[in-house]
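Structure data (mmCIF, C-alpha atoms) from final.cif:
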data_run
loop_
_atom_site.label_atom_id
_atom_site.label_comp_id
_atom_site.auth_asym_id
_atom_site.auth_seq_id
_atom_site.Cartn_x
_atom_site.Cartn_y
_atom_site.Cartn_z
CA MET H 1 0.00 0.00 0.00
CA THR H 2 3.05 2.28 -0.05
CA PRO H 3 2.96 4.99 -2.72
CA SER H 4 5.80 5.35 -5.18
CA ASP H 5 8.30 8.24 -5.04
CA ALA H 6 6.24 10.03 -2.37
CA PRO H 7 6.94 10.75 1.31
CA VAL H 8 6.75 7.59 3.40
CA PHE H 9 5.89 7.79 7.10
CA SER H 10 5.91 4.84 9.46
CA SER H 11 4.02 6.04 12.51
CA SER H 12 0.63 7.50 13.30
CA GLU H 13 2.43 10.41 14.97
CA ASP H 14 4.16 11.26 11.69
CA LEU H 15 0.85 11.22 9.82
CA THR H 16 -0.75 13.36 12.50
CA ALA H 17 2.00 15.94 11.94
CA VAL H 18 1.31 15.86 8.19
CA CYS H 19 -2.39 16.46 8.86
CA LYS H 20 -1.55 19.51 10.96
CA ARG H 21 0.70 20.91 8.25
CA LEU H 22 -1.99 20.44 5.63
CA ARG H 23 -4.57 22.15 7.85
CA ARG H 24 -2.24 25.11 8.38
CA ASP H 25 -1.67 25.36 4.63
CA ILE H 26 -5.42 25.19 3.95
CA VAL H 27 -6.42 28.04 6.25
CA THR H 28 -3.40 30.14 5.22
CA MET H 29 -3.95 29.88 1.47
CA ILE H 30 -7.69 30.54 1.76
CA ALA H 31 -7.10 33.55 4.02
CA LYS H 32 -4.53 34.95 1.58
CA ALA H 33 -6.92 34.41 -1.34
CA GLY H 34 -9.78 36.03 0.56
CA SER H 35 -12.15 33.31 -0.64
CA GLY H 36 -12.47 29.56 -0.69
CA HIS H 37 -13.97 26.62 1.16
CA PRO H 38 -12.24 25.85 4.45
CA GLY H 39 -14.91 23.68 6.09
CA GLY H 40 -14.99 20.81 3.62
CA SER H 41 -11.26 21.00 3.00
CA LEU H 42 -10.48 20.60 6.69
CA SER H 43 -12.94 17.73 7.12
CA ALA H 44 -11.21 15.66 4.44
CA VAL H 45 -7.60 15.97 5.62
CA GLU H 46 -7.20 12.51 7.16
CA ILE H 47 -8.82 10.89 4.12
CA ILE H 48 -6.41 12.64 1.76
CA VAL H 49 -3.37 11.88 3.91
CA ALA H 50 -4.31 8.21 4.17
CA LEU H 51 -4.61 8.03 0.39
CA TYR H 52 -1.53 9.98 -0.67
CA TRP H 53 0.83 8.72 2.02
CA LYS H 54 -0.25 5.10 2.42
CA VAL H 55 -2.49 3.92 -0.41
CA LEU H 56 -2.05 5.49 -3.83
CA HIS H 57 0.62 4.35 -6.22
CA HIS H 58 1.74 7.67 -7.68
CA LYS H 59 4.85 9.50 -8.80
CA PRO H 60 5.05 13.24 -8.13
CA ALA H 61 7.94 13.47 -10.60
CA ASP H 62 5.79 11.79 -13.28
CA PRO H 63 2.14 12.88 -12.72
CA THR H 64 0.90 11.09 -15.85
CA TRP H 65 2.63 7.77 -15.07
CA LYS H 66 0.37 5.23 -16.79
CA ASP H 67 0.23 2.80 -13.87
CA ARG H 68 -0.71 5.39 -11.25
CA ASP H 69 -3.85 4.93 -9.19
CA ARG H 70 -6.46 7.51 -10.16
CA PHE H 71 -7.79 9.85 -7.47
CA VAL H 72 -10.89 11.85 -8.39
CA LEU H 73 -11.83 14.83 -6.23
CA SER H 74 -15.53 15.02 -6.97
CA LYS H 75 -16.07 17.64 -4.26
CA GLY H 76 -13.97 20.06 -6.28
CA HIS H 77 -14.55 23.08 -4.05
CA ALA H 78 -12.33 21.29 -1.50
CA ALA H 79 -9.41 21.90 -3.86
CA PRO H 80 -7.27 23.44 -1.07
CA VAL H 81 -6.86 20.10 0.72
CA LEU H 82 -5.75 18.43 -2.52
CA TYR H 83 -3.40 21.28 -3.42
CA ALA H 84 -1.85 21.15 0.06
CA ALA H 85 -1.25 17.40 -0.29
CA LEU H 86 0.12 17.63 -3.82
CA ALA H 87 2.54 20.36 -2.78
CA GLU H 88 3.62 18.39 0.29
CA CYS H 89 4.28 15.34 -1.92
CA GLY H 90 6.34 17.40 -4.37
CA TYR H 91 4.08 17.80 -7.40
CA PHE H 92 4.84 21.55 -7.35
CA PRO H 93 6.59 23.99 -4.97
CA LYS H 94 4.74 24.77 -1.75
CA ALA H 95 5.27 28.48 -2.44
CA GLU H 96 2.62 28.18 -5.16
CA LEU H 97 -0.04 27.65 -2.49
CA ASP H 98 0.08 31.41 -1.93
CA THR H 99 -1.33 31.90 -5.45
CA LEU H 100 -4.66 30.18 -4.78
CA ARG H 101 -7.47 31.68 -6.89
CA GLN H 102 -5.24 34.33 -8.44
CA ILE H 103 -5.49 35.11 -12.15
CA ASP H 104 -3.12 32.87 -14.14
CA SER H 105 -2.42 30.69 -11.09
CA HIS H 106 -2.09 26.93 -11.48
CA LEU H 107 -4.35 26.62 -8.44
CA GLN H 108 -7.89 27.74 -9.16
CA GLY H 109 -10.90 27.58 -6.86
CA HIS H 110 -11.97 24.30 -8.43
CA THR H 111 -9.51 21.74 -9.73
CA ASP H 112 -8.41 21.92 -13.37
CA ARG H 113 -6.53 18.97 -14.84
CA THR H 114 -5.05 21.16 -17.58
CA LEU H 115 -3.41 23.47 -15.04
CA THR H 116 -2.34 21.48 -11.99
CA PRO H 117 0.05 18.51 -11.94
CA GLY H 118 -1.56 15.55 -10.19
CA VAL H 119 -5.18 16.55 -10.80
CA GLU H 120 -7.17 13.86 -12.62
CA MET H 121 -10.48 15.65 -13.21
CA SER H 122 -11.55 19.24 -13.78
CA SER H 123 -14.40 20.02 -11.43
CA GLY H 124 -17.16 22.56 -11.14
CA SER H 125 -20.71 21.34 -10.81
CA LEU H 126 -21.07 18.82 -8.03
CA GLY H 127 -22.25 15.28 -8.70
CA GLN H 128 -20.07 14.56 -11.73
CA GLY H 129 -17.05 12.93 -10.13
CA LEU H 130 -18.50 9.49 -9.50
CA SER H 131 -19.51 9.19 -13.16
CA PHE H 132 -15.96 10.09 -14.18
CA ALA H 133 -14.57 7.57 -11.69
CA VAL H 134 -16.83 4.78 -12.94
CA GLY H 135 -15.71 5.45 -16.50
CA ALA H 136 -12.05 5.44 -15.50
CA ALA H 137 -12.47 2.20 -13.56
CA LEU H 138 -14.23 0.51 -16.48
CA ALA H 139 -11.43 1.66 -18.81
CA GLY H 140 -8.85 0.21 -16.44
CA ARG H 141 -10.69 -3.09 -16.35
CA LEU H 142 -10.92 -3.24 -20.15
CA ASP H 143 -7.19 -2.59 -20.37
CA LYS H 144 -6.48 -5.17 -17.63
CA ALA H 145 -4.56 -2.38 -15.89
CA PRO H 146 -3.25 -2.85 -12.33
CA TRP H 147 -4.33 0.54 -11.04
CA ARG H 148 -7.41 1.35 -8.98
CA VAL H 149 -9.71 4.37 -8.84
CA TYR H 150 -10.61 6.30 -5.69
CA ALA H 151 -13.25 9.05 -5.67
CA LEU H 152 -13.91 11.49 -2.85
CA LEU H 153 -17.47 12.81 -2.73
CA SER H 154 -19.19 15.26 -0.42
CA ASP H 155 -22.38 14.17 1.29
CA GLY H 156 -24.11 17.29 -0.05
CA GLU H 157 -23.41 16.33 -3.66
CA CYS H 158 -25.23 13.07 -3.02
CA ASP H 159 -28.36 15.23 -3.44
CA GLU H 160 -27.53 15.11 -7.14
CA GLY H 161 -29.30 12.55 -9.33
CA GLN H 162 -26.18 11.99 -11.41
CA THR H 163 -24.43 10.57 -8.36
CA TRP H 164 -27.05 7.84 -8.10
CA GLU H 165 -27.04 7.12 -11.84
CA ALA H 166 -23.31 6.50 -11.51
CA ALA H 167 -23.83 4.41 -8.38
CA MET H 168 -26.42 2.30 -10.17
CA SER H 169 -24.14 1.65 -13.14
CA ALA H 170 -21.15 0.79 -10.94
CA GLY H 171 -23.24 -1.73 -9.05
CA MET H 172 -24.67 -3.26 -12.20
CA PHE H 173 -21.29 -3.63 -13.89
CA LYS H 174 -19.58 -4.87 -10.69
CA VAL H 175 -16.85 -2.23 -10.84
CA ASP H 176 -14.76 -3.64 -8.01
CA ASN H 177 -11.64 -1.65 -8.85
CA LEU H 178 -13.48 1.48 -7.69
CA THR H 179 -13.66 2.79 -4.14
CA ALA H 180 -15.81 5.82 -3.36
CA ILE H 181 -15.30 7.72 -0.12
CA VAL H 182 -18.01 10.08 1.11
CA ASP H 183 -16.91 12.95 3.35
CA ASN H 184 -20.01 12.78 5.54
CA ASN H 185 -19.67 16.02 7.53
CA GLY H 186 -23.38 16.80 7.65
CA ILE H 187 -23.27 20.34 6.23
CA GLN H 188 -23.74 21.71 2.73
CA LEU H 189 -23.60 25.28 1.48
CA SER H 190 -26.08 27.14 3.71
CA GLY H 191 -27.21 24.59 6.28
CA PHE H 192 -27.28 21.09 7.67
CA ASN H 193 -28.04 18.24 5.29
CA LYS H 194 -30.91 17.04 7.45
CA ASP H 195 -32.66 20.38 6.94
CA ILE H 196 -31.87 20.84 3.22
CA MET H 197 -32.15 17.31 1.82
CA ASN H 198 -32.09 14.54 4.38
CA LEU H 199 -29.87 11.74 3.06
CA TYR H 200 -30.61 9.17 5.72
CA PRO H 201 -30.77 6.23 5.78
CA PHE H 202 -27.59 6.96 3.82
CA PRO H 203 -25.49 3.75 3.98
CA GLN H 204 -28.58 1.71 3.15
CA LYS H 205 -29.05 3.68 -0.07
CA TRP H 206 -25.64 2.56 -1.33
CA TRP H 207 -26.36 -1.01 -0.27
CA ALA H 208 -29.60 -0.90 -2.29
CA PHE H 209 -27.54 0.12 -5.35
CA ASP H 210 -25.47 -3.06 -4.91
CA TRP H 211 -22.39 -1.55 -3.27
CA ASN H 212 -20.25 -2.97 -0.51
CA VAL H 213 -20.74 -0.40 2.28
CA LEU H 214 -18.27 0.40 5.06
CA GLU H 215 -18.48 3.11 7.72
CA VAL H 216 -15.53 4.72 9.53
CA ASP H 217 -14.52 7.64 11.69
CA GLY H 218 -13.19 9.90 8.95
CA HIS H 219 -10.60 11.41 11.27
CA ASP H 220 -9.10 8.06 12.29
CA ILE H 221 -6.43 7.15 9.75
CA THR H 222 -6.17 3.59 11.04
CA GLN H 223 -9.88 3.04 10.41
CA ILE H 224 -9.66 4.64 6.96
CA LEU H 225 -6.72 2.46 5.96
CA GLY H 226 -8.45 -0.66 7.25
CA ALA H 227 -11.55 0.07 5.21
CA ILE H 228 -9.52 0.77 2.06
CA ALA H 229 -7.61 -2.49 2.52
CA GLU H 230 -10.91 -4.34 2.82
CA ALA H 231 -12.22 -2.61 -0.31
CA GLN H 232 -9.14 -3.67 -2.27
CA GLN H 233 -9.87 -7.31 -1.52
CA PHE H 234 -13.63 -7.17 -2.11
CA LYS H 235 -14.74 -8.65 -5.43
CA ASN H 236 -17.77 -8.23 -7.73
CA GLN H 237 -19.03 -5.01 -6.11
CA PRO H 238 -17.73 -1.47 -5.85
CA THR H 239 -17.09 -0.28 -2.31
CA VAL H 240 -18.22 2.95 -0.69
CA ILE H 241 -16.68 4.14 2.56
CA VAL H 242 -18.95 6.49 4.47
CA ALA H 243 -16.48 8.57 6.47
CA HIS H 244 -18.14 10.39 9.35
CA THR H 245 -16.32 13.70 9.73
CA ILE H 246 -16.58 17.15 11.30
CA LYS H 247 -16.86 20.16 9.02
CA GLY H 248 -13.98 22.52 9.74
CA LYS H 249 -12.12 19.89 11.76
CA GLY H 250 -9.16 21.20 13.75
CA VAL H 251 -10.21 24.84 14.04
CA SER H 252 -12.58 25.34 16.95
CA PHE H 253 -14.64 28.21 15.56
CA MET H 254 -15.01 26.50 12.18
CA GLU H 255 -16.10 23.10 13.47
CA ASN H 256 -19.74 22.35 12.60
CA ASN H 257 -20.11 26.02 11.65
CA VAL H 258 -22.22 26.49 8.51
CA GLU H 259 -20.71 29.95 8.03
CA PHE H 260 -17.31 28.49 7.13
CA HIS H 261 -18.51 26.26 4.33
CA GLY H 262 -17.33 28.90 1.88
CA LYS H 263 -15.92 31.81 3.88
CA ALA H 264 -12.27 32.78 4.25
CA PRO H 265 -10.94 33.58 7.73
CA ASN H 266 -9.89 37.17 8.36
CA ALA H 267 -6.45 38.03 9.74
CA GLU H 268 -7.50 37.66 13.37
CA GLN H 269 -9.25 34.36 12.72
CA LEU H 270 -6.27 33.06 10.76
CA ALA H 271 -3.97 33.84 13.69
CA GLN H 272 -6.27 31.95 16.05
CA ALA H 273 -6.53 29.01 13.66
CA LEU H 274 -2.75 28.76 13.27
CA LYS H 275 -2.33 28.93 17.05
CA GLU H 276 -4.73 26.00 17.47
CA LEU H 277 -2.94 24.04 14.75
CA ALA H 278 0.57 24.66 16.11
#
Transcribe the structure of this file into structure tokens.
Amino acid sequence: MTPSDAPVFSSSEDLTAVCKRLRRDIVTMIAKAGSGHPGGSLSAVEIIVALYWKVLHHKPADPTWKDRDRFVLSKGHAAPVLYAALAECGYFPKAELDTLRQIDSHLQGHTDRTLTPGVEMSSGSLGQGLSFAVGAALAGRLDKAPWRVYALLSDGECDEGQTWEAAMSAGMFKVDNLTAIVDNNGIQLSGFNKDIMNLYPFPQKWWAFDWNVLEVDGHDITQILGAIAEAQQFKNQPTVIVAHTIKGKGVSFMENNVEFHGKAPNAEQLAQALKELA
């Protein structure tokens, strides 16, 4: 499960330190940009670290390596967490994080595969990533390729019908080289999911679409890695990991705070956030 040509860490303490660095980078780049989505970026940190440091076969020096595992960020507004990880792994200099959302920057508010090394899918409208991931996984199977596909979805985008069309097709075609992970932080845009579009019973919906369903604490890297390992061995069904997370995780005034779905911290708030993440 060790990635290729990427940082390798042996202990949970090392990975915890990486998570803190990524969280500091996330709040700093969004504050500098004056816009962005801190809440859903912070909630996905442990998922991204588990993938890029322990699971994905990838080569930062060769982003288009043909045998790489494909990671699809369907929740594209959480681009800051992916950018922070890609920079940490060496896909581009960390100094570029300061250019988030600037004109002509490689790092736009939503991911763009034509601009940023390591990005597999250009994103914008939510709900499209799982379809892309299903197509990539089917292509890999047709080619008898060794790589796997991992897609990170938000729970809010599971309001979208296209997500369930993709889920239905993946179940029907037994796309077992695909693992979807849902960042289930309970908040979307302007409110709580339960008040906007109640998803529950959520795991049972995936089961009904013929998926292998696992649930984990999305901030426990050991649980995440265990679920991914189980998904890799599971045959004849795609796997979805419902990762229960906290929006804005790691910054006290952002946690479970609807306001910070898409709001940048001001200078005072940034200072407080960095103090908490020291």
For stretch 241-244 of chain H, work out the shell of residues within 8 Å, counting all atoms listed in the file and skipping chain neighbours fewer than 2 positions away, then give it as a list in words.
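Neighbouring residues, sequence-local ones excluded: Thr179, Ala180, Ile181, Val182, Asp183, Asn184, Asn185, Pro203, Val213, Leu214, Glu215, Val216, Asp217, Gly218, His219, Ile224, Ala227, Ile228, Thr239 and Ile246 of chain H.
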How many Å separate atom CA of H:Trp147 from atom CA of H:Arg68?
6.1 Å
Can you spell out as a count of residues only the set of residues that the PyMOL selection byres ((chain H and resi 177) around 9) selects in the structure I just provided?
20
Could you produce a table of the residues of stretch 19-52 of chain H lying within 7 Å of stretch 249-256 of chain H, with the nearest pair of atoms per residue and their separation in Å rounded to one decimal, using only C-alpha atoms, ordered by chain and increasing residue number, as CSV?
residue,atom,partner,partner_atom,distance
H:Gly39,CA,H:Met254,CA,6.7
H:Leu42,CA,H:Lys249,CA,5.4
H:Ser43,CA,H:Lys249,CA,5.2
With distances taken over only C-alpha atoms, the candidate from H:Val134, H:Ala139, H:Val119, H:Leu189 nearest H:Thr64 is H:Val119
Nearest to H:His106, chosen from H:Glu88, H:Tyr83, H:Leu270, H:Leu51, with only C-alpha atoms counted in the distances:
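Nearest to H:His106: H:Tyr83.
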I need every residue sitting at most 12 Å from the point (-18.8, 21.2, -12.6) (coordinates as in the file, all atoms listed in the file considered), written as a PDB file with C-alpha atoms, in the frame of the given file.
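Final file, result-v4.pdb:
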ATOM      1  CA  LEU H  73     -11.830  14.830  -6.230  1.00  0.00           C
ATOM      2  CA  SER H  74     -15.530  15.020  -6.970  1.00  0.00           C
ATOM      3  CA  LYS H  75     -16.070  17.640  -4.260  1.00  0.00           C
ATOM      4  CA  GLY H  76     -13.970  20.060  -6.280  1.00  0.00           C
ATOM      5  CA  HIS H  77     -14.550  23.080  -4.050  1.00  0.00           C
ATOM      6  CA  GLY H 109     -10.900  27.580  -6.860  1.00  0.00           C
ATOM      7  CA  HIS H 110     -11.970  24.300  -8.430  1.00  0.00           C
ATOM      8  CA  THR H 111      -9.510  21.740  -9.730  1.00  0.00           C
ATOM      9  CA  ASP H 112      -8.410  21.920 -13.370  1.00  0.00           C
ATOM     10  CA  MET H 121     -10.480  15.650 -13.210  1.00  0.00           C
ATOM     11  CA  SER H 122     -11.550  19.240 -13.780  1.00  0.00           C
ATOM     12  CA  SER H 123     -14.400  20.020 -11.430  1.00  0.00           C
ATOM     13  CA  GLY H 124     -17.160  22.560 -11.140  1.00  0.00           C
ATOM     14  CA  SER H 125     -20.710  21.340 -10.810  1.00  0.00           C
ATOM     15  CA  LEU H 126     -21.070  18.820  -8.030  1.00  0.00           C
ATOM     16  CA  GLY H 127     -22.250  15.280  -8.700  1.00  0.00           C
ATOM     17  CA  GLN H 128     -20.070  14.560 -11.730  1.00  0.00           C
ATOM     18  CA  GLY H 129     -17.050  12.930 -10.130  1.00  0.00           C
ATOM     19  CA  PHE H 132     -15.960  10.090 -14.180  1.00  0.00           C
ATOM     20  CA  GLU H 157     -23.410  16.330  -3.660  1.00  0.00           C
ATOM     21  CA  GLU H 160     -27.530  15.110  -7.140  1.00  0.00           C
ATOM     22  CA  GLN H 162     -26.180  11.990 -11.410  1.00  0.00           C
TER      23      GLN H 162
END
Selection under test: the PyMOL selection byres ((chain H and resi 31) around 7); residues as an MDAnalysis selection string
chainID H and resid 27:30 32:35 264:266 270
Can you write just those residues out, C-alpha atoms, as a tab-separated table (two decimals), in the frame of the given file?
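File written: out_18.tsv
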chain	number	residue	atom	x	y	z
H	27	VAL	CA	-6.42	28.04	6.25
H	28	THR	CA	-3.40	30.14	5.22
H	29	MET	CA	-3.95	29.88	1.47
H	30	ILE	CA	-7.69	30.54	1.76
H	32	LYS	CA	-4.53	34.95	1.58
H	33	ALA	CA	-6.92	34.41	-1.34
H	34	GLY	CA	-9.78	36.03	0.56
H	35	SER	CA	-12.15	33.31	-0.64
H	264	ALA	CA	-12.27	32.78	4.25
H	265	PRO	CA	-10.94	33.58	7.73
H	266	ASN	CA	-9.89	37.17	8.36
H	270	LEU	CA	-6.27	33.06	10.76
Might you pull out every residue within 10 Å of H:Ser169, with all atoms listed in the file counted and same-chain residues fewer than 2 positions away left off, and present them as a ChimeraX atom specification?
/H:131,134-135,164-167,171-175,209-210
For H:Glu259, which residue among H:Lys66, H:Arg113, H:Arg21, H:His37 is the nearest when counting only C-alpha atoms?
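The closest residue to H:Glu259 is H:His37.
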